[in-house]
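J.: Once you've had a glance at the structure underneath, I'll fire off some questions.
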Amino acid sequence: YGQGDRGSITGTVTDSSGAVVSNAPVEARSLETSATYQAASTSTGNYTLAQVPAGTYELTVALPGFKKFIRQGITVQVAQTVRIDTVLEVGASTESVTVTADAPLLKTESGELSHNINTNDLNNLPVLGIGAGTAGIRNPYSSLQLIPGADWHPDSSVRINGFPSNTQAMRVEGQDSTSGISSSVQSATQPSVEAIQEFAVQTSNFAAEFGQAGGGLFNVTMRSGTNQFHGSGYDYFVNEALNAGVPFTNNGQGGLLRPRVRRNDYGFSLGGPVELPRLYNGRDKTFFFFNFEQYRETLITNTIPTTVPTGLMRAGNFSQALTNRNLGTDPLGRPILENTIYDPATNRVVNGLAERDPFPGNIVPLSQQDSVALKMQSYIPLPNQPGLINNYLTTYTNPKLSTIPSIKIDQTVSGNSKISGYWSETLLTVPNNNAFTYPITTAVGTDNALQTVRLNFDQTLTPTLLLHAGAGLIYGHNNGIAQAFDPTTLGFQGANTNLFPSIQSISAAQGGSANLGIATQTNLIYTKPSFTTSITWVRNNHTYKAGGELLTQGYQTSSRSYSSPWMVFNAKETGLPSLNGITLSGSTGFAYASFLMGRVDSGYLSVPSTTRLGNHALSGFVQDTWKVTRRLTLDYGLRYDFQTYLREHDGEMSNVSLATPNPSAGGLGGAIIFEGYGPGRCQCEFAKNYPWAFGPRLGVAWQVHPKWVVRAGIGVAYTRNESNNGKNNNAGSVNPYAAASYGDPAFQMQNGIP
């Protein structure tokens, strides 16, 4: 008990003489929703209400021959256990004893170390900045700054108790929500701050129920509606008018300069019972909570200087590029002037060396200019600043938009059955940030969205037996936003995609142009279904729990990189061939002239591809919380994890095998192989899944004194790499990309060579 995203209430029922009372009905009633949770004391007087949602409760114990015991104002936190011992007084059942004392602050029922943070803490403490990280929106995980031994950087790293960065696990509503795209980007699957009831950060001594986590376990419970309607509206903003001025500056009006900075993080929430006039009254049964939060940053203006060709260069006149630096003499005794452009049409061999003649006046005639290059050039803006380099200055807004809508529905089917569902979507749009606009921009804006879906069911089978089942799904995409362009309109033939061709290395110290076109573009669809189940049984002094979890991950990647194609131009294509390999203090030829003549030095032309990677993780656990005495509790259990490495659905994952002869390298080792056992495959597997990952856990909580508790614990997590006859073998890992990278020395051993 006390695991998942729920909390627990436990204790011992005794009479006024201190003798234990068995079979006493125990009931906890939520003060917000009136939902009830029932249990009964065992033969040793112990009771446990497991899987109780976070909130405030009233505890009642009613047994014939005793006065009714009522304990009010019990606060249950996420993944925490509250101990409430009850003392029954002899009397009529119509009488009652009401206790209003606060629940004890000390955690006496578990050996794990954790910290709980609720929405009020997040809103009242100055830790939720806006504008930080990839999304800019308020990040609830920034509260890590308040936890000892924790280090947090927005969308960069999480480090707890010295563990490696970004080995934490995130759970929302009891299901794993760690982003498999990048565990360092916490905002990818973060919930909205206003929609959070509270969350717990477990830093060590995890119970056997938890695995796939190193540096911290985040357990988030989302807010539910209550019998009363509650709502909120909010706006957190940044404005330069509230900022200090830049020292030693003058705005021309006797004040200091204040750079324009404007950000807004705003939204609203509403929760309550589901009521449909004359149709349905959901009080005490059906509740909803809706929240909408959005971050906007639209008024930051950026100014970027870049290089574009001058009017003379556009016409083929490169006299401006000549520096009149004499670099020596060529084999024919002619002076070599820096950036001289040589005419490829005059190629000839003299004394075994390839020679050319320079263009008169360093001007490329129109007859030798490439028609495709001229059409590409027409998309390049004209200079608006003097000089040969950094002669184009542009300003543009740098908008950022992040949105997180969410809704949670809770349904009390009966006193023994409860269902809850949750949905949210984290949307992030990052624009193209480049001096050039479409279609020649080299930067691609991104459109990222991750949906989180949860469904949980709790059934009280008997007062001492509880069944829990949950299902979840994370579905999202990470798309590059590139406007379509038909390369055939340039006269370019052979492109495999509808993007502007990528032109590289056409600038130099004496001018030219910044790179053109989109070189890489990858779209990713990510799916992560998850399923959990557990059963809790309270018997005498023991609370037994057993269960399992199944996680699957799928990555469908569509790549159009280098399919537009990708071409490199450099100065040597219009330089003097006889000087190749000779070191000079400068160079001949000019990169932009090579581009204008269509003389490509190198490049790639790839075929758009789609790959489908996937893996799964299966785990099971058994654990027991044993109340040895009222002051001593032992938590012990055993966990098993089996995680597969990432494999490509159609066997298209390749690797380099040093043991396989490469015909193109004279039979030396180092051929490309493909995983699998069919035709054209290596008849092998690149990795082996480790099948013996057992992790025992042990925790102890000893209440030495009413104000002094000692807690300790020990656990084992198992990972392993091994080499096997030249095949790459790799154990399951928290990092889903570890087995797919095949180049990470921490996870790969190929032919025995790390």
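Please note that chains go A, B, ... in the order of the structure tokens, that every chain numbers its residues from 1, and that ligands are numbered from 1 in the order shown.
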When you look at A:Thr429 with a cut-off of 8 Å (counting only C-alpha atoms), what residues show up, excluding the ones that are within fewer than 2 positions of it in the same chain? I need them as a PDB file with all heavy atoms, in the first residue's frame.
T.:
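And here is the file that came out, selection03.pdb:
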```pdb
ATOM      1  N   LYS A 400       6.617  32.115 -29.542  1.00  0.00           N
ATOM      2  CA  LYS A 400       6.606  30.776 -28.957  1.00  0.00           C
ATOM      3  C   LYS A 400       5.232  30.568 -28.342  1.00  0.00           C
ATOM      4  O   LYS A 400       4.717  31.441 -27.654  1.00  0.00           O
ATOM      5  CB  LYS A 400       7.696  30.630 -27.903  1.00  0.00           C
ATOM      6  CG  LYS A 400       7.779  29.230 -27.289  1.00  0.00           C
ATOM      7  CD  LYS A 400       8.819  29.176 -26.187  1.00  0.00           C
ATOM      8  CE  LYS A 400      10.215  29.310 -26.722  1.00  0.00           C
ATOM      9  NZ  LYS A 400      11.239  29.131 -25.651  1.00  0.00           N
ATOM     10  N   LEU A 401       4.647  29.424 -28.606  1.00  0.00           N
ATOM     11  CA  LEU A 401       3.295  29.148 -28.125  1.00  0.00           C
ATOM     12  C   LEU A 401       3.258  27.744 -27.533  1.00  0.00           C
ATOM     13  O   LEU A 401       3.607  26.773 -28.195  1.00  0.00           O
ATOM     14  CB  LEU A 401       2.293  29.258 -29.277  1.00  0.00           C
ATOM     15  CG  LEU A 401       0.818  28.988 -28.933  1.00  0.00           C
ATOM     16  CD1 LEU A 401       0.298  30.050 -27.973  1.00  0.00           C
ATOM     17  CD2 LEU A 401      -0.020  28.952 -30.196  1.00  0.00           C
ATOM     18  N   SER A 402       2.843  27.656 -26.272  1.00  0.00           N
ATOM     19  CA  SER A 402       2.700  26.362 -25.598  1.00  0.00           C
ATOM     20  C   SER A 402       1.319  26.308 -24.959  1.00  0.00           C
ATOM     21  O   SER A 402       0.892  27.280 -24.329  1.00  0.00           O
ATOM     22  CB  SER A 402       3.771  26.177 -24.519  1.00  0.00           C
ATOM     23  OG  SER A 402       5.070  26.266 -25.067  1.00  0.00           O
ATOM     24  N   LEU A 427       1.127  20.932 -26.080  1.00  0.00           N
ATOM     25  CA  LEU A 427       1.385  21.426 -27.437  1.00  0.00           C
ATOM     26  C   LEU A 427       2.480  22.471 -27.388  1.00  0.00           C
ATOM     27  O   LEU A 427       2.452  23.379 -26.553  1.00  0.00           O
ATOM     28  CB  LEU A 427       0.123  22.053 -28.036  1.00  0.00           C
ATOM     29  CG  LEU A 427      -1.103  21.145 -28.176  1.00  0.00           C
ATOM     30  CD1 LEU A 427      -2.333  21.992 -28.469  1.00  0.00           C
ATOM     31  CD2 LEU A 427      -0.885  20.148 -29.292  1.00  0.00           C
ATOM     32  N   PRO A 431       8.811  28.398 -33.931  1.00  0.00           N
ATOM     33  CA  PRO A 431       8.848  28.855 -35.319  1.00  0.00           C
ATOM     34  C   PRO A 431      10.229  28.700 -35.947  1.00  0.00           C
ATOM     35  O   PRO A 431      11.214  28.384 -35.282  1.00  0.00           O
ATOM     36  CB  PRO A 431       8.474  30.331 -35.198  1.00  0.00           C
ATOM     37  CG  PRO A 431       9.016  30.715 -33.856  1.00  0.00           C
ATOM     38  CD  PRO A 431       8.837  29.506 -32.974  1.00  0.00           C
ATOM     39  N   GLY A 445      10.800  25.144 -38.435  1.00  0.00           N
ATOM     40  CA  GLY A 445      10.011  25.207 -37.217  1.00  0.00           C
ATOM     41  C   GLY A 445       9.503  23.828 -36.848  1.00  0.00           C
ATOM     42  O   GLY A 445       9.432  22.919 -37.685  1.00  0.00           O
ATOM     43  N   THR A 446       9.159  23.648 -35.594  1.00  0.00           N
ATOM     44  CA  THR A 446       8.679  22.345 -35.136  1.00  0.00           C
ATOM     45  C   THR A 446       7.311  22.476 -34.493  1.00  0.00           C
ATOM     46  O   THR A 446       6.989  23.491 -33.874  1.00  0.00           O
ATOM     47  CB  THR A 446       9.650  21.716 -34.119  1.00  0.00           C
ATOM     48  OG1 THR A 446       9.821  22.604 -33.006  1.00  0.00           O
ATOM     49  CG2 THR A 446      10.997  21.436 -34.753  1.00  0.00           C
ATOM     50  N   ASP A 447       6.548  21.437 -34.653  1.00  0.00           N
ATOM     51  CA  ASP A 447       5.218  21.341 -34.060  1.00  0.00           C
ATOM     52  C   ASP A 447       5.207  20.063 -33.232  1.00  0.00           C
ATOM     53  O   ASP A 447       5.222  18.958 -33.785  1.00  0.00           O
ATOM     54  CB  ASP A 447       4.163  21.300 -35.159  1.00  0.00           C
ATOM     55  CG  ASP A 447       2.755  21.203 -34.603  1.00  0.00           C
ATOM     56  OD1 ASP A 447       2.589  21.402 -33.387  1.00  0.00           O
ATOM     57  OD2 ASP A 447       1.823  20.920 -35.383  1.00  0.00           O
ATOM     58  N   ASN A 448       5.217  20.208 -31.911  1.00  0.00           N
ATOM     59  CA  ASN A 448       5.318  19.062 -31.016  1.00  0.00           C
ATOM     60  C   ASN A 448       4.023  18.926 -30.218  1.00  0.00           C
ATOM     61  O   ASN A 448       3.513  19.910 -29.694  1.00  0.00           O
ATOM     62  CB  ASN A 448       6.488  19.221 -30.042  1.00  0.00           C
ATOM     63  CG  ASN A 448       7.791  19.535 -30.766  1.00  0.00           C
ATOM     64  OD1 ASN A 448       8.112  18.907 -31.754  1.00  0.00           O
ATOM     65  ND2 ASN A 448       8.531  20.503 -30.254  1.00  0.00           N
TER      66      ASN A 448
END
```
J.: Residues within 9 Å of A:Lys627, please, as a list in words. Count only C-alpha atoms; anything in the same chain fewer than 2 positions from it doesn't count.
T.: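 My reading of the contact set: Asn46, Glu109, Asn541, His542, Thr543, Thr625, Thr629, Arg630, Arg631, Leu632, Thr633, Leu634 and Asp635 of chain A.
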J.: For N, CA, C and O atoms, I'd like the residues from the last selection saved as an mmCIF file, in the first residue's frame.
T.:
```
data_model
loop_
_atom_site.group_PDB
_atom_site.id
_atom_site.type_symbol
_atom_site.label_atom_id
_atom_site.label_comp_id
_atom_site.auth_asym_id
_atom_site.auth_seq_id
_atom_site.Cartn_x
_atom_site.Cartn_y
_atom_site.Cartn_z
ATOM 1 N N ASN A 46 -5.235 -4.505 13.253
ATOM 2 C CA ASN A 46 -4.721 -3.598 12.236
ATOM 3 C C ASN A 46 -5.726 -3.421 11.104
ATOM 4 O O ASN A 46 -6.456 -4.350 10.746
ATOM 5 N N GLU A 109 5.431 4.745 8.753
ATOM 6 C CA GLU A 109 4.962 3.486 8.201
ATOM 7 C C GLU A 109 5.728 3.019 6.978
ATOM 8 O O GLU A 109 5.326 2.055 6.337
ATOM 9 N N ASN A 541 -1.007 -8.608 10.791
ATOM 10 C CA ASN A 541 -0.067 -7.487 10.829
ATOM 11 C C ASN A 541 0.571 -7.216 9.473
ATOM 12 O O ASN A 541 1.519 -6.429 9.384
ATOM 13 N N HIS A 542 0.093 -7.851 8.436
ATOM 14 C CA HIS A 542 0.734 -7.751 7.129
ATOM 15 C C HIS A 542 -0.198 -7.084 6.118
ATOM 16 O O HIS A 542 -1.414 -7.297 6.143
ATOM 17 N N THR A 543 0.400 -6.316 5.228
ATOM 18 C CA THR A 543 -0.300 -5.808 4.056
ATOM 19 C C THR A 543 0.472 -6.297 2.836
ATOM 20 O O THR A 543 1.557 -5.796 2.534
ATOM 21 N N THR A 625 4.241 -5.229 3.704
ATOM 22 C CA THR A 625 4.502 -4.279 4.782
ATOM 23 C C THR A 625 4.080 -4.963 6.079
ATOM 24 O O THR A 625 2.902 -5.246 6.295
ATOM 25 N N THR A 629 5.780 -4.335 15.247
ATOM 26 C CA THR A 629 5.171 -3.766 16.445
ATOM 27 C C THR A 629 4.508 -2.467 16.022
ATOM 28 O O THR A 629 4.590 -2.062 14.862
ATOM 29 N N ARG A 630 3.903 -1.793 16.967
ATOM 30 C CA ARG A 630 3.288 -0.508 16.621
ATOM 31 C C ARG A 630 4.333 0.552 16.317
ATOM 32 O O ARG A 630 4.010 1.601 15.776
ATOM 33 N N ARG A 631 5.571 0.301 16.664
ATOM 34 C CA ARG A 631 6.633 1.275 16.419
ATOM 35 C C ARG A 631 7.620 0.823 15.334
ATOM 36 O O ARG A 631 8.454 1.616 14.912
ATOM 37 N N LEU A 632 7.532 -0.411 14.905
ATOM 38 C CA LEU A 632 8.499 -0.943 13.945
ATOM 39 C C LEU A 632 7.765 -1.550 12.756
ATOM 40 O O LEU A 632 6.914 -2.421 12.916
ATOM 41 N N THR A 633 8.114 -1.055 11.555
ATOM 42 C CA THR A 633 7.505 -1.537 10.316
ATOM 43 C C THR A 633 8.604 -1.939 9.346
ATOM 44 O O THR A 633 9.580 -1.206 9.164
ATOM 45 N N LEU A 634 8.434 -3.089 8.722
ATOM 46 C CA LEU A 634 9.363 -3.564 7.700
ATOM 47 C C LEU A 634 8.649 -3.585 6.351
ATOM 48 O O LEU A 634 7.520 -4.076 6.238
ATOM 49 N N ASP A 635 9.322 -3.034 5.314
ATOM 50 C CA ASP A 635 8.872 -3.153 3.926
ATOM 51 C C ASP A 635 9.872 -4.041 3.205
ATOM 52 O O ASP A 635 11.066 -3.726 3.178
#
```
J.: Taking 3 positions as the minimum chain separation for residues in the same chain, which residues sit within 7 Å of A:Ser420 when counting only C-alpha atoms? Answer as a PyMOL selection string.
T.: chain A and resi 409-411+455-457
J.: Next, the residues of the selection above should be written as a short mmCIF file (atom, residue, chain, number, x, y, z; two decimals), in the first residue's frame with N, CA and C atoms.
T.:
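Listed below is the output, selection22.cif:
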```cif
data_model
loop_
_atom_site.label_atom_id
_atom_site.label_comp_id
_atom_site.auth_asym_id
_atom_site.auth_seq_id
_atom_site.Cartn_x
_atom_site.Cartn_y
_atom_site.Cartn_z
N ILE A 409 -12.19 13.12 -15.13
CA ILE A 409 -13.54 12.69 -14.78
C ILE A 409 -13.43 11.60 -13.71
N ASP A 410 -14.21 11.72 -12.63
CA ASP A 410 -14.25 10.70 -11.59
C ASP A 410 -15.69 10.21 -11.45
N GLN A 411 -15.83 8.88 -11.35
CA GLN A 411 -17.15 8.28 -11.22
C GLN A 411 -17.16 7.27 -10.09
N LEU A 455 -6.79 5.77 -17.52
CA LEU A 455 -8.04 5.19 -17.06
C LEU A 455 -7.71 4.27 -15.88
N ASN A 456 -8.31 4.52 -14.71
CA ASN A 456 -8.04 3.74 -13.51
C ASN A 456 -9.33 3.19 -12.93
N PHE A 457 -9.26 1.98 -12.42
CA PHE A 457 -10.42 1.31 -11.83
C PHE A 457 -10.01 0.70 -10.51
#
```
J.: Extract, using only C-alpha atoms, all DNA, RNA and protein residues at most 12 Å from A:Gly352, discarding same-chain residues fewer than 3 positions from it, and format them as a PDB file with N, CA, C and O atoms, in the first residue's frame.
T.:
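See selection_37.pdb below for the written result:
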```
ATOM      1  N   PRO A 331      52.629  27.082 -62.377  1.00  0.00           N
ATOM      2  CA  PRO A 331      53.653  26.374 -63.158  1.00  0.00           C
ATOM      3  C   PRO A 331      53.973  27.028 -64.500  1.00  0.00           C
ATOM      4  O   PRO A 331      55.020  26.738 -65.084  1.00  0.00           O
ATOM      5  N   ARG A 348      43.448  22.268 -69.772  1.00  0.00           N
ATOM      6  CA  ARG A 348      44.431  21.607 -70.618  1.00  0.00           C
ATOM      7  C   ARG A 348      45.531  21.049 -69.727  1.00  0.00           C
ATOM      8  O   ARG A 348      45.673  21.454 -68.566  1.00  0.00           O
ATOM      9  N   VAL A 349      46.325  20.153 -70.247  1.00  0.00           N
ATOM     10  CA  VAL A 349      47.417  19.546 -69.508  1.00  0.00           C
ATOM     11  C   VAL A 349      48.727  20.062 -70.066  1.00  0.00           C
ATOM     12  O   VAL A 349      49.001  19.943 -71.275  1.00  0.00           O
ATOM     13  N   GLU A 355      45.990  22.736 -66.193  1.00  0.00           N
ATOM     14  CA  GLU A 355      46.055  24.197 -66.141  1.00  0.00           C
ATOM     15  C   GLU A 355      44.763  24.804 -66.674  1.00  0.00           C
ATOM     16  O   GLU A 355      44.029  24.187 -67.464  1.00  0.00           O
ATOM     17  N   PRO A 577      43.571  23.848 -60.938  1.00  0.00           N
ATOM     18  CA  PRO A 577      43.785  22.459 -60.535  1.00  0.00           C
ATOM     19  C   PRO A 577      45.236  22.107 -60.249  1.00  0.00           C
ATOM     20  O   PRO A 577      45.511  21.264 -59.400  1.00  0.00           O
ATOM     21  N   SER A 578      46.177  22.744 -60.937  1.00  0.00           N
ATOM     22  CA  SER A 578      47.587  22.389 -60.739  1.00  0.00           C
ATOM     23  C   SER A 578      48.083  22.748 -59.345  1.00  0.00           C
ATOM     24  O   SER A 578      49.152  22.297 -58.934  1.00  0.00           O
TER      25      SER A 578
END
```
